[in-house]
>>> print(open('final25.cif').read())   # mmCIF, C-alpha atoms and all ligand atoms
data_start
#
loop_
_atom_site.label_atom_id
_atom_site.label_comp_id
_atom_site.auth_asym_id
_atom_site.auth_seq_id
_atom_site.Cartn_x
_atom_site.Cartn_y
_atom_site.Cartn_z
CA MET A 26 0.00 0.00 0.00
CA MET A 27 1.25 3.50 -0.86
CA ARG A 28 1.70 5.82 2.07
CA GLN A 29 0.16 9.28 2.07
CA GLU A 30 2.01 11.78 4.17
CA ASN A 31 1.64 10.74 7.81
CA TYR A 32 2.16 13.65 10.17
CA TYR A 33 2.12 11.30 13.13
CA GLU A 34 4.85 9.00 11.80
CA ASN A 35 7.88 10.72 13.22
CA TYR A 36 8.35 11.41 16.85
CA ASP A 37 11.17 12.50 19.02
CA LYS A 38 12.61 9.96 21.48
CA LYS A 39 13.54 12.87 23.72
CA GLU A 40 17.16 11.69 24.02
CA GLY A 41 19.04 13.91 26.41
CA LEU A 42 15.99 15.05 28.37
CA HIS A 43 15.60 14.14 32.00
CA PHE A 44 12.77 11.78 33.01
CA ASP A 45 10.66 14.58 34.49
CA SER A 46 10.79 16.43 31.15
CA LYS A 47 10.07 13.26 29.17
CA VAL A 48 6.80 12.63 31.08
CA VAL A 49 5.61 16.13 30.17
CA HIS A 50 6.53 16.02 26.47
CA GLY A 51 5.62 12.41 25.57
CA GLY A 52 6.28 11.11 22.03
CA GLN A 53 5.10 13.92 19.79
CA GLY A 54 3.58 15.93 22.63
CA CYS A 55 1.88 18.60 20.51
CA ASP A 56 -0.32 17.85 17.52
CA PRO A 57 2.02 18.12 14.49
CA ILE A 58 -0.76 19.51 12.24
CA THR A 59 -2.46 22.20 14.33
CA GLY A 60 0.11 22.71 17.07
CA ALA A 61 -2.52 21.89 19.73
CA VAL A 62 -0.53 21.54 22.94
CA SER A 63 -2.86 18.85 24.20
CA PHE A 64 -2.50 15.82 21.92
CA PRO A 65 -5.85 15.28 20.10
CA ILE A 66 -8.30 12.49 20.90
CA PHE A 67 -8.87 10.65 17.63
CA GLN A 68 -12.36 9.42 18.36
CA THR A 69 -12.76 7.48 15.15
CA ALA A 70 -13.32 3.85 14.32
CA THR A 71 -11.86 3.99 10.84
CA PHE A 72 -9.69 6.12 8.50
CA ARG A 73 -10.40 7.26 4.94
CA HIS A 74 -8.23 5.95 2.09
CA ARG A 75 -7.88 8.61 -0.63
CA ALA A 76 -7.43 6.00 -3.37
CA PHE A 77 -7.01 2.29 -3.78
CA GLY A 78 -3.69 1.21 -2.32
CA VAL A 79 -3.13 4.53 -0.50
CA SER A 80 -3.11 4.78 3.31
CA THR A 81 -2.10 7.34 5.93
CA GLY A 82 -0.72 4.46 7.96
CA TYR A 83 -3.98 4.28 9.92
CA ASP A 84 -6.67 1.89 8.71
CA TYR A 85 -8.92 0.93 11.61
CA SER A 86 -8.70 1.91 15.29
CA ARG A 87 -8.51 -1.66 16.61
CA LEU A 88 -5.14 -1.86 14.79
CA GLN A 89 -3.77 1.67 15.11
CA ASN A 90 -5.05 4.92 16.55
CA PRO A 91 -2.87 8.05 16.82
CA THR A 92 -3.90 8.83 20.43
CA ARG A 93 -3.17 5.30 21.60
CA GLN A 94 0.06 5.39 19.58
CA GLU A 95 1.13 8.59 21.35
CA LEU A 96 0.60 6.88 24.71
CA GLU A 97 2.47 3.78 23.53
CA ARG A 98 5.41 5.85 22.30
CA THR A 99 5.46 7.79 25.56
CA MET A 100 5.61 4.55 27.56
CA ALA A 101 8.32 3.09 25.30
CA ILE A 102 10.37 6.26 25.95
CA LEU A 103 9.79 6.19 29.73
CA GLU A 104 10.55 2.46 30.20
CA GLU A 105 13.43 2.67 27.68
CA GLY A 106 11.98 -0.04 25.45
CA THR A 107 11.59 -0.11 21.69
CA GLU A 108 7.81 -0.44 21.50
CA ALA A 109 4.81 -0.35 23.82
CA PHE A 110 1.22 -1.57 23.59
CA ALA A 111 -1.76 -0.11 25.42
CA PHE A 112 -4.49 -2.54 26.49
CA SER A 113 -7.97 -2.13 27.93
CA SER A 114 -6.76 -3.23 31.40
CA GLY A 115 -3.74 -4.57 33.26
CA GLN A 116 -5.44 -7.96 33.14
CA ALA A 117 -5.76 -7.73 29.33
CA ALA A 118 -2.05 -6.85 29.14
CA ASN A 119 -1.19 -9.86 31.32
CA MET A 120 -3.46 -12.15 29.27
CA SER A 121 -1.43 -11.18 26.21
CA VAL A 122 1.82 -11.86 28.05
CA PHE A 123 0.61 -15.33 29.00
CA GLY A 124 -0.58 -15.65 25.39
CA MET A 125 3.10 -16.21 24.52
CA LEU A 126 2.82 -19.69 26.07
CA LYS A 127 2.10 -22.98 24.39
CA PRO A 128 0.53 -26.07 26.01
CA GLY A 129 3.18 -27.85 28.07
CA ASP A 130 5.14 -24.66 28.87
CA HIS A 131 6.16 -24.01 32.46
CA VAL A 132 6.28 -20.57 34.11
CA ILE A 133 7.91 -19.48 37.37
CA LEU A 134 6.18 -16.59 39.16
CA SER A 135 6.65 -14.61 42.37
CA ASP A 136 4.87 -16.49 45.18
CA ASP A 137 3.31 -13.24 46.38
CA ILE A 138 1.50 -11.72 43.43
CA TYR A 139 -1.63 -9.79 42.47
CA GLY A 140 -4.66 -12.13 42.75
CA GLY A 141 -5.76 -11.47 39.17
CA THR A 142 -2.38 -12.60 37.80
CA PHE A 143 -2.64 -15.76 39.91
CA ARG A 144 -6.15 -16.32 38.45
CA ILE A 145 -4.89 -15.97 34.85
CA ALA A 146 -2.25 -18.62 35.56
CA GLU A 147 -4.20 -21.11 37.64
CA ASP A 148 -7.75 -20.76 36.30
CA ILE A 149 -7.14 -20.04 32.62
CA PHE A 150 -3.71 -21.13 31.39
CA SER A 151 -3.49 -24.25 33.60
CA ALA A 152 -6.61 -25.51 31.83
CA LEU A 153 -4.79 -24.96 28.52
CA GLY A 154 -1.98 -27.27 29.62
CA CYS A 155 0.56 -24.76 31.02
CA GLU A 156 2.26 -25.32 34.35
CA PHE A 157 3.06 -22.76 37.03
CA THR A 158 5.36 -22.70 40.04
CA PHE A 159 5.23 -19.86 42.57
CA ILE A 160 8.47 -19.15 44.43
CA ASP A 161 10.18 -16.35 46.31
CA LEU A 162 12.20 -14.84 43.43
CA ALA A 163 14.52 -13.18 45.94
CA ASP A 164 15.94 -16.69 46.39
CA THR A 165 17.96 -17.16 43.20
CA ASP A 166 19.19 -20.64 44.23
CA CYS A 167 15.56 -21.70 44.45
CA LEU A 168 14.95 -20.13 41.02
CA LYS A 169 17.84 -22.12 39.50
CA ALA A 170 16.54 -25.33 41.10
CA THR A 171 12.98 -24.72 39.83
CA ILE A 172 13.92 -24.29 36.16
CA ARG A 173 12.95 -27.35 34.08
CA SER A 174 13.47 -28.28 30.46
CA ASN A 175 9.99 -26.91 29.61
CA THR A 176 10.34 -23.64 31.56
CA ARG A 177 9.65 -20.74 29.19
CA MET A 178 9.05 -17.65 31.32
CA VAL A 179 9.76 -15.97 34.66
CA PHE A 180 7.13 -13.47 35.82
CA MET A 181 8.12 -11.15 38.67
CA GLU A 182 6.58 -8.44 40.79
CA THR A 183 9.03 -6.33 42.79
CA PRO A 184 8.03 -5.09 45.30
CA THR A 185 5.36 -7.79 45.48
CA ASN A 186 1.68 -7.19 46.05
CA PRO A 187 0.88 -7.12 48.97
CA MET A 188 3.85 -8.35 51.08
CA MET A 189 6.41 -5.90 49.57
CA LYS A 190 9.05 -8.57 48.95
CA VAL A 191 11.94 -7.31 46.81
CA ALA A 192 13.82 -9.42 44.24
CA ASP A 193 17.06 -8.64 42.41
CA ILE A 194 16.12 -7.94 38.79
CA GLN A 195 19.71 -8.08 37.49
CA LYS A 196 20.46 -11.43 39.14
CA VAL A 197 17.24 -12.97 37.86
CA ALA A 198 17.91 -11.55 34.38
CA GLN A 199 21.31 -13.24 34.32
CA ILE A 200 19.69 -16.60 35.13
CA THR A 201 16.87 -16.17 32.60
CA LYS A 202 19.39 -15.25 29.89
CA GLU A 203 21.56 -18.29 30.63
CA ASN A 204 18.46 -20.49 30.35
CA ASN A 205 16.87 -18.74 27.37
CA LEU A 206 13.71 -17.76 29.28
CA ILE A 207 11.42 -14.76 28.75
CA PHE A 208 11.73 -12.47 31.77
CA VAL A 209 8.67 -10.32 32.55
CA VAL A 210 8.48 -7.69 35.31
CA ASP A 211 5.21 -6.14 36.51
CA ASN A 212 6.37 -2.59 37.26
CA THR A 213 2.98 -1.28 38.44
CA PHE A 214 4.09 -0.43 42.01
CA LEU A 215 7.18 1.65 41.23
CA THR A 216 6.62 2.86 37.64
CA PRO A 217 9.59 3.87 35.45
CA TYR A 218 9.99 6.93 37.67
CA PHE A 219 11.59 4.72 40.33
CA GLN A 220 12.55 1.51 38.50
CA ARG A 221 13.34 0.59 34.89
CA PRO A 222 13.46 -3.21 34.59
CA LEU A 223 14.33 -3.28 30.86
CA LEU A 224 17.63 -1.52 31.65
CA LEU A 225 18.30 -4.14 34.35
CA GLY A 226 17.90 -7.06 31.94
CA ALA A 227 14.15 -7.83 31.83
CA ASP A 228 12.67 -8.57 28.39
CA ILE A 229 9.14 -7.31 28.94
CA VAL A 230 7.56 -4.83 31.37
CA VAL A 231 3.83 -4.89 32.17
CA HIS A 232 1.72 -2.36 34.02
CA SER A 233 -1.71 -1.94 35.35
CA GLY A 234 -1.94 1.58 33.90
CA THR A 235 -5.01 1.99 36.12
CA LYS A 236 -2.66 2.74 39.01
CA TYR A 237 0.18 5.30 39.21
CA LEU A 238 0.49 5.91 35.47
CA CYS A 239 -3.08 7.16 35.25
CA GLY A 240 -2.91 8.36 38.83
CA HIS A 241 -6.45 9.67 39.21
CA ASN A 242 -8.59 6.54 39.71
CA ASP A 243 -10.58 7.30 36.57
CA VAL A 244 -9.31 4.83 33.92
CA ILE A 245 -8.77 1.06 33.66
CA ALA A 246 -5.73 0.45 31.44
CA GLY A 247 -2.78 -1.87 30.84
CA LEU A 248 0.62 -1.44 29.18
CA VAL A 249 3.23 -3.81 27.81
CA ILE A 250 6.69 -2.51 26.90
CA VAL A 251 9.19 -4.64 24.96
CA LYS A 252 12.69 -4.33 23.57
CA SER A 253 12.76 -6.91 20.76
CA GLU A 254 10.98 -7.01 17.40
CA GLU A 255 10.01 -10.65 18.01
CA HIS A 256 8.10 -9.70 21.17
CA ALA A 257 6.65 -6.58 19.53
CA ALA A 258 5.23 -8.73 16.72
CA HIS A 259 3.54 -10.98 19.29
CA PHE A 260 1.80 -8.06 21.06
CA ARG A 261 0.82 -6.37 17.77
CA LEU A 262 -0.94 -9.59 16.78
CA GLN A 263 -2.59 -9.87 20.21
CA LEU A 264 -4.01 -6.34 20.02
CA LYS A 265 -5.20 -6.84 16.46
CA SER A 266 -6.74 -10.26 17.13
CA ARG A 267 -8.16 -9.88 20.63
CA GLY A 268 -9.31 -6.32 19.93
CA ASN A 269 -8.52 -5.20 23.46
CA GLY A 270 -6.59 -2.00 22.75
CA LEU A 271 -7.10 1.03 24.97
CA PRO A 272 -9.76 3.39 23.50
CA PRO A 273 -8.69 6.90 22.38
CA PHE A 274 -10.26 8.87 25.24
CA ASP A 275 -8.81 6.53 27.89
CA SER A 276 -5.42 6.78 26.14
CA TRP A 277 -5.65 10.56 26.35
CA LEU A 278 -6.55 10.44 30.06
CA LEU A 279 -3.45 8.32 30.64
CA LEU A 280 -1.27 10.73 28.64
CA ARG A 281 -2.64 13.55 30.76
CA GLY A 282 -1.99 11.62 33.99
CA ILE A 283 1.57 10.73 32.97
CA LYS A 284 2.48 14.42 32.63
CA THR A 285 2.47 14.69 36.45
CA LEU A 286 3.92 11.22 37.16
CA SER A 287 7.21 12.54 38.54
CA LEU A 288 5.57 15.02 40.92
CA ARG A 289 3.03 12.50 42.12
CA MET A 290 5.57 9.70 42.66
CA GLN A 291 7.77 12.02 44.71
CA LYS A 292 4.84 12.92 46.96
CA HIS A 293 3.59 9.31 47.28
CA ASP A 294 7.11 8.29 48.29
CA GLU A 295 7.55 11.16 50.75
CA ASN A 296 4.15 10.54 52.39
CA ALA A 297 4.58 6.76 52.56
CA LYS A 298 7.86 7.12 54.48
CA ILE A 299 6.17 9.31 57.10
CA VAL A 300 3.07 7.10 57.42
CA ALA A 301 5.09 3.83 57.54
CA GLU A 302 7.23 5.17 60.42
CA TRP A 303 4.10 6.30 62.27
CA LEU A 304 2.31 2.96 61.75
CA ARG A 305 5.33 1.11 63.09
CA LYS A 306 5.02 2.89 66.43
CA HIS A 307 1.27 2.38 66.84
CA PRO A 308 0.41 -0.07 69.64
CA LYS A 309 -2.33 -1.79 67.62
CA VAL A 310 -0.04 -2.43 64.62
CA LYS A 311 1.82 -5.77 64.88
CA LYS A 312 3.96 -5.54 61.75
CA VAL A 313 4.49 -3.09 58.89
CA TYR A 314 5.58 -4.25 55.42
CA TYR A 315 7.28 -1.37 53.63
CA ALA A 316 10.23 -1.66 51.23
CA GLY A 317 11.65 1.69 52.40
CA PHE A 318 12.55 0.56 55.94
CA GLU A 319 16.32 0.28 56.33
CA ASP A 320 15.83 -3.07 58.08
CA HIS A 321 13.65 -4.46 55.26
CA VAL A 322 15.38 -7.62 54.01
CA GLY A 323 15.37 -6.28 50.43
CA TYR A 324 16.52 -2.74 51.30
CA GLU A 325 20.00 -3.02 49.79
CA ILE A 326 18.61 -4.50 46.57
CA SER A 327 16.08 -1.66 46.38
CA LYS A 328 18.86 0.89 46.87
CA LYS A 329 20.72 -0.72 43.96
CA GLN A 330 17.84 -1.03 41.47
CA CYS A 331 15.33 1.70 42.36
CA THR A 332 15.51 5.40 43.13
CA GLY A 333 12.56 5.32 45.55
CA PHE A 334 10.14 3.03 47.37
CA GLY A 335 6.76 4.23 46.17
CA GLY A 336 3.53 4.68 48.06
CA MET A 337 2.51 1.15 49.04
CA ILE A 338 2.45 -0.13 52.62
CA SER A 339 0.86 -3.24 54.13
CA PHE A 340 0.41 -3.92 57.83
CA GLU A 341 -0.96 -6.46 60.25
CA LEU A 342 -3.16 -5.28 63.10
CA ASP A 343 -3.57 -6.85 66.54
CA SER A 344 -6.97 -8.33 65.67
CA GLU A 345 -9.68 -8.74 63.05
CA GLU A 346 -11.85 -6.41 65.15
CA THR A 347 -9.27 -3.60 64.88
CA ALA A 348 -9.09 -4.20 61.12
CA MET A 349 -12.88 -3.93 60.78
CA ASN A 350 -12.95 -0.77 62.92
CA LEU A 351 -10.26 0.78 60.75
CA LEU A 352 -12.02 -0.04 57.45
CA SER A 353 -15.33 1.34 58.71
CA GLY A 354 -13.86 4.24 60.66
CA VAL A 355 -11.75 6.07 58.07
CA LYS A 356 -13.17 9.41 56.93
CA MET A 357 -10.81 11.08 54.44
CA ILE A 358 -9.13 7.80 53.45
CA LEU A 359 -11.31 5.70 51.13
CA PHE A 360 -11.99 2.01 51.73
CA ALA A 361 -11.75 0.81 48.13
CA GLU A 362 -9.91 -1.60 45.88
CA SER A 363 -7.02 -0.36 43.68
CA LEU A 364 -3.97 1.79 44.30
CA GLY A 365 -1.72 4.46 42.87
CA GLY A 366 -4.18 7.36 42.68
CA THR A 367 -4.11 10.79 44.26
CA GLU A 368 -6.49 9.61 47.02
CA THR A 369 -5.28 7.38 49.85
CA LEU A 370 -7.08 4.03 49.47
CA ILE A 371 -7.27 1.33 52.11
CA THR A 372 -7.87 -2.26 51.00
CA TYR A 373 -8.64 -5.60 52.64
CA PRO A 374 -6.65 -8.09 50.48
CA LEU A 375 -8.35 -11.15 52.01
CA THR A 376 -11.72 -10.40 50.38
CA GLN A 377 -10.66 -7.91 47.73
CA THR A 378 -7.43 -7.96 45.69
CA HIS A 379 -6.24 -11.42 46.80
CA GLU A 380 -9.50 -13.32 47.15
CA SER A 381 -8.50 -15.56 44.20
CA ILE A 382 -5.42 -16.87 46.06
CA PRO A 383 -6.17 -20.20 47.79
CA ALA A 384 -6.64 -19.83 51.57
CA ASP A 385 -3.62 -21.99 52.51
CA ILE A 386 -1.26 -19.90 50.33
CA ARG A 387 -2.74 -16.64 51.67
CA GLU A 388 -2.29 -17.86 55.23
CA LYS A 389 1.34 -18.86 54.55
CA LEU A 390 2.06 -15.43 53.07
CA GLY A 391 0.45 -13.63 56.01
CA ILE A 392 -2.68 -12.32 54.24
CA ASN A 393 -4.99 -12.93 57.19
CA LYS A 394 -8.07 -11.31 58.74
CA SER A 395 -5.98 -8.60 60.42
CA PHE A 396 -4.04 -7.70 57.27
CA ILE A 397 -4.48 -4.33 55.55
CA ARG A 398 -2.94 -2.75 52.44
CA ILE A 399 -2.81 1.00 52.03
CA SER A 400 -1.99 3.04 48.95
CA ILE A 401 -0.72 6.36 50.25
CA GLY A 402 -2.09 9.28 48.24
CA ILE A 403 -0.77 12.76 47.73
CA GLU A 404 -2.81 14.46 50.47
CA ASN A 405 -1.10 16.09 53.45
CA ALA A 406 0.71 13.29 55.34
CA GLN A 407 -0.52 14.57 58.71
CA ASP A 408 -4.14 14.32 57.53
CA ILE A 409 -3.56 10.68 56.53
CA ILE A 410 -2.07 9.96 59.97
CA ASN A 411 -4.86 11.82 61.80
CA ASP A 412 -7.48 9.80 59.94
CA LEU A 413 -5.73 6.48 60.67
CA GLU A 414 -5.34 7.48 64.33
CA GLN A 415 -9.00 8.32 64.87
CA ALA A 416 -10.12 5.14 63.07
CA LEU A 417 -7.71 2.87 64.98
CA GLY A 418 -9.03 4.35 68.25
C1 LIG A 501 0.42 -5.36 40.40
C2 LIG A 501 -0.82 -5.45 39.55
N1 LIG A 501 -0.74 -5.96 38.30
C3 LIG A 501 -1.84 -6.04 37.51
C4 LIG A 501 -3.08 -5.64 37.96
C5 LIG A 501 -4.29 -5.75 37.05
O1 LIG A 501 -4.61 -4.51 36.51
P1 LIG A 501 -6.08 -3.97 36.12
O2 LIG A 501 -6.87 -3.90 37.39
O3 LIG A 501 -5.79 -2.66 35.48
O4 LIG A 501 -6.67 -4.95 35.18
C6 LIG A 501 -3.21 -5.09 39.24
C7 LIG A 501 -4.53 -4.64 39.72
O5 LIG A 501 -4.72 -4.37 40.88
C8 LIG A 501 -2.05 -5.01 40.06
O6 LIG A 501 -2.11 -4.50 41.31
#
>>> encode(input="final25.cif", output="structure tokens")
Amino acid sequence: MMRQENYYENYDKKEGLHFDSKVVHGGQGCDPITGAVSFPIFQTATFRHRAFGVSTGYDYSRLQNPTRQELERTMAILEEGTEAFAFSSGQAANMSVFGMLKPGDHVILSDDIYGGTFRIAEDIFSALGCEFTFIDLADTDCLKATIRSNTRMVFMETPTNPMMKVADIQKVAQITKENNLIFVVDNTFLTPYFQRPLLLGADIVVHSGTKYLCGHNDVIAGLVIVKSEEHAAHFRLQLKSRGNGLPPFDSWLLLRGIKTLSLRMQKHDENAKIVAEWLRKHPKVKKVYYAGFEDHVGYEISKKQCTGFGGMISFELDSEETAMNLLSGVKMILFAESLGGTETLITYPLTQTHESIPADIREKLGINKSFIRISIGIENAQDIINDLEQALG
């Protein structure tokens, strides 16, 4: 097909700019035709061909849409990959990652992982003949011992959801390379502002874009970022065939959210440090799980591979009753599923985010009736503490 002039074809990779400038200026940033500072929302299903065999490079929005493309280019720039793909949810992105598997393939995953990812593995891909082993990926000897002849992929969260376990991305990457495995990192918790797994040796990064990337609790989205043409071809086919690309308006909302990613991540990080220290001293709090504590077992690894600890904290209370009082007693803080937005959200993993994990595994991990996860927002830290204090009683 002949190409008509495509004003959206070329974009600037923003080489030489700092990260906090890159988030503001995206791929093309402005509209190359009108100069509109806010990248346009191309709310169209299809694109006109001026003649037979002539295309602008856009044919049908399930395949390509300039607004989604701008988001994808922005994410490829921020994660330092070659190409990115925007999906209708983090789950859809993960489904496409697992779509790389064939019956008989074996995957090793973090033992503490988002419940929805566990569900994709155990309830969907197990039935298709794939096998899964969940281990603590901080233990690289265990990883080496778990690899089998049919192992194809390692899927990691770091820090993990919700126990905040930290694994060494570089060490795992070395092992996956030696064994010719695909290494996937879910970077939802830290975002490329604090951690860039592709630079540390991962092959693929996934995100629930619903969380920090969007940042405002108003979009469900997923992202995959790759660094090889072989993997890019796989995700292009997934988007085209499954038809689960992120719609133009949602892509625009994400682009808008990403512009303030650096500022928001700094504030989440700053607030979380203050709240984690306060929680640790509260008499009704038995244990706090926060990757930013100097005595956290993964602290040195975090210092090596991340530039911050993010806004996620989990903690165990002295009883189920205290947990219930807290969930019902918060006023400014919102008792709701999800994380990564401007508002502080408090979650009960047992019946919300991690309900899909079998009870015995949850119990072993420590996700019990007294266990709470909190996503620290960007409000005033003292207001978050005051609210927790009044609700804990
Ligand atoms: C770490 C992580 N990965 C993936 C997902 C799934 O994303 P979504 O809810 O956007 O489908 C979530 C959702 O909570 C998550 O926390």
>>> residues_near_ligand(input="final25.cif", ligand="ligand LIG 501 (chain A)", cutoff="6 Å", atoms="only C-alpha atoms and all ligand atoms", output="CSV table (one decimal) with C-alpha atoms, in the coordinates of the input")
chain,number,residue,atom,x,y,z
A,114,SER,CA,-6.8,-3.2,31.4
A,115,GLY,CA,-3.7,-4.6,33.3
A,116,GLN,CA,-5.4,-8.0,33.1
A,139,TYR,CA,-1.6,-9.8,42.5
A,213,THR,CA,3.0,-1.3,38.4
A,233,SER,CA,-1.7,-1.9,35.4
A,234,GLY,CA,-1.9,1.6,33.9
A,235,THR,CA,-5.0,2.0,36.1
A,245,ILE,CA,-8.8,1.1,33.7
A,246,ALA,CA,-5.7,0.4,31.4
A,247,GLY,CA,-2.8,-1.9,30.8
A,363,SER,CA,-7.0,-0.4,43.7
>>> residues_around(input="final25.cif", residues="range 372-380 of chain A", least_positions_apart="6", cutoff="7 Å", atoms="all atoms listed in the file", output="list in words")
Tyr139, Gly140, Phe360, Ala361, Glu362, Ile392, Asn393, Lys394, Phe396, Ile397, Arg398 and Ile399 of chain A
>>> write_last_selection(input="final25.cif", atoms="C-alpha atoms", output="compact mmCIF listing (two decimals), keeping the file's coordinate frame")
# COMPACT_ATOMS: atom_id res chain seq x y z
CA TYR A 139 -1.63 -9.79 42.47
CA GLY A 140 -4.66 -12.13 42.75
CA PHE A 360 -11.99 2.01 51.73
CA ALA A 361 -11.75 0.81 48.13
CA GLU A 362 -9.91 -1.60 45.88
CA ILE A 392 -2.68 -12.32 54.24
CA ASN A 393 -4.99 -12.93 57.19
CA LYS A 394 -8.07 -11.31 58.74
CA PHE A 396 -4.04 -7.70 57.27
CA ILE A 397 -4.48 -4.33 55.55
CA ARG A 398 -2.94 -2.75 52.44
CA ILE A 399 -2.81 1.00 52.03
>>> closest_residue(input="final25.cif", among="A:Val313, A:Leu352, A:Ile386, A:Val209", to="Ala118 in chain A", atoms="all atoms listed in the file")
A:Val209
>>> residues_around(input="final25.cif", residues="Ala406 in chain A", least_positions_apart="2", cutoff="9 Å", atoms="all atoms listed in the file", output="mmCIF file with C-alpha atoms, in the frame of the given file")
data_model
loop_
_atom_site.group_PDB
_atom_site.id
_atom_site.type_symbol
_atom_site.label_atom_id
_atom_site.label_comp_id
_atom_site.auth_asym_id
_atom_site.auth_seq_id
_atom_site.Cartn_x
_atom_site.Cartn_y
_atom_site.Cartn_z
ATOM 1 C CA GLU A 295 7.550 11.160 50.750
ATOM 2 C CA ASN A 296 4.150 10.540 52.390
ATOM 3 C CA ALA A 297 4.580 6.760 52.560
ATOM 4 C CA ILE A 299 6.170 9.310 57.100
ATOM 5 C CA VAL A 300 3.070 7.100 57.420
ATOM 6 C CA ILE A 401 -0.720 6.360 50.250
ATOM 7 C CA GLY A 402 -2.090 9.280 48.240
ATOM 8 C CA ILE A 403 -0.770 12.760 47.730
ATOM 9 C CA GLU A 404 -2.810 14.460 50.470
ATOM 10 C CA ASP A 408 -4.140 14.320 57.530
ATOM 11 C CA ILE A 409 -3.560 10.680 56.530
ATOM 12 C CA ILE A 410 -2.070 9.960 59.970
ATOM 13 C CA ASN A 411 -4.860 11.820 61.800
#
>>> closest_residue(input="final25.cif", among="A:Cys167, A:Glu368, A:Glu414, A:Val191", to="Trp303 in chain A", atoms="only C-alpha atoms")
A:Glu414
>>> residues_around(input="final25.cif", residues="Arg221 in chain A", least_positions_apart="2", cutoff="10 Å", atoms="all atoms listed in the file", output="list in words")
Leu103, Glu104, Glu105, Gly106, Ile194, Val210, Asn212, Leu215, Thr216, Pro217, Tyr218, Phe219, Leu223, Leu224, Leu225, Gly226, Ala227, Val230, Gln330, Cys331 and Thr332 of chain A
>>> residues_around(input="final25.cif", residues="Ser395 in chain A", least_positions_apart="2", cutoff="8 Å", atoms="only C-alpha atoms", output="VMD selection string")
chain A and resid 341 to 348 392 to 393 397
>>> write_last_selection(input="final25.cif", atoms="C-alpha atoms", output="CSV table (one decimal), keeping the file's coordinate frame")
chain,number,residue,atom,x,y,z
A,341,GLU,CA,-1.0,-6.5,60.2
A,342,LEU,CA,-3.2,-5.3,63.1
A,343,ASP,CA,-3.6,-6.8,66.5
A,344,SER,CA,-7.0,-8.3,65.7
A,345,GLU,CA,-9.7,-8.7,63.0
A,346,GLU,CA,-11.8,-6.4,65.2
A,347,THR,CA,-9.3,-3.6,64.9
A,348,ALA,CA,-9.1,-4.2,61.1
A,392,ILE,CA,-2.7,-12.3,54.2
A,393,ASN,CA,-5.0,-12.9,57.2
A,397,ILE,CA,-4.5,-4.3,55.6
>>> closest_residue(input="final25.cif", among="A:Met290, A:Ala101, A:Ile358, A:Ile207", to="Gly335 in chain A", atoms="only C-alpha atoms")
A:Met290
>>> atom_distance(input="final25.cif", atom1="CA of His50 in chain A", atom2="CA of Asp37 in chain A")
9.5 Å
>>> closest_atom_pairs(input="final25.cif", of="range 38-74 of chain A", to="range 256-279 of chain A", cutoff="8 Å", atoms="only C-alpha atoms", output="JSON lines")
{"residue": "A:Phe64", "atom": "CA", "partner": "A:Trp277", "partner_atom": "CA", "distance": 7.6}
{"residue": "A:Pro65", "atom": "CA", "partner": "A:Trp277", "partner_atom": "CA", "distance": 7.8}
{"residue": "A:Ile66", "atom": "CA", "partner": "A:Pro273", "partner_atom": "CA", "distance": 5.8}
{"residue": "A:Phe67", "atom": "CA", "partner": "A:Pro273", "partner_atom": "CA", "distance": 6.1}
{"residue": "A:Gln68", "atom": "CA", "partner": "A:Pro273", "partner_atom": "CA", "distance": 6.0}
>>> closest_residue(input="final25.cif", among="A:Leu413, A:Leu206, A:Ala111, A:Ile160", to="Ile133 in chain A", atoms="all atoms listed in the file")
A:Ile160
>>> atom_distance(input="final25.cif", atom1="CA of Cys239 in chain A", atom2="CA of Glu302 in chain A")
27.3 Å
>>> atom_distance(input="final25.cif", atom1="CA of Gly418 in chain A", atom2="CA of Phe340 in chain A")
16.3 Å
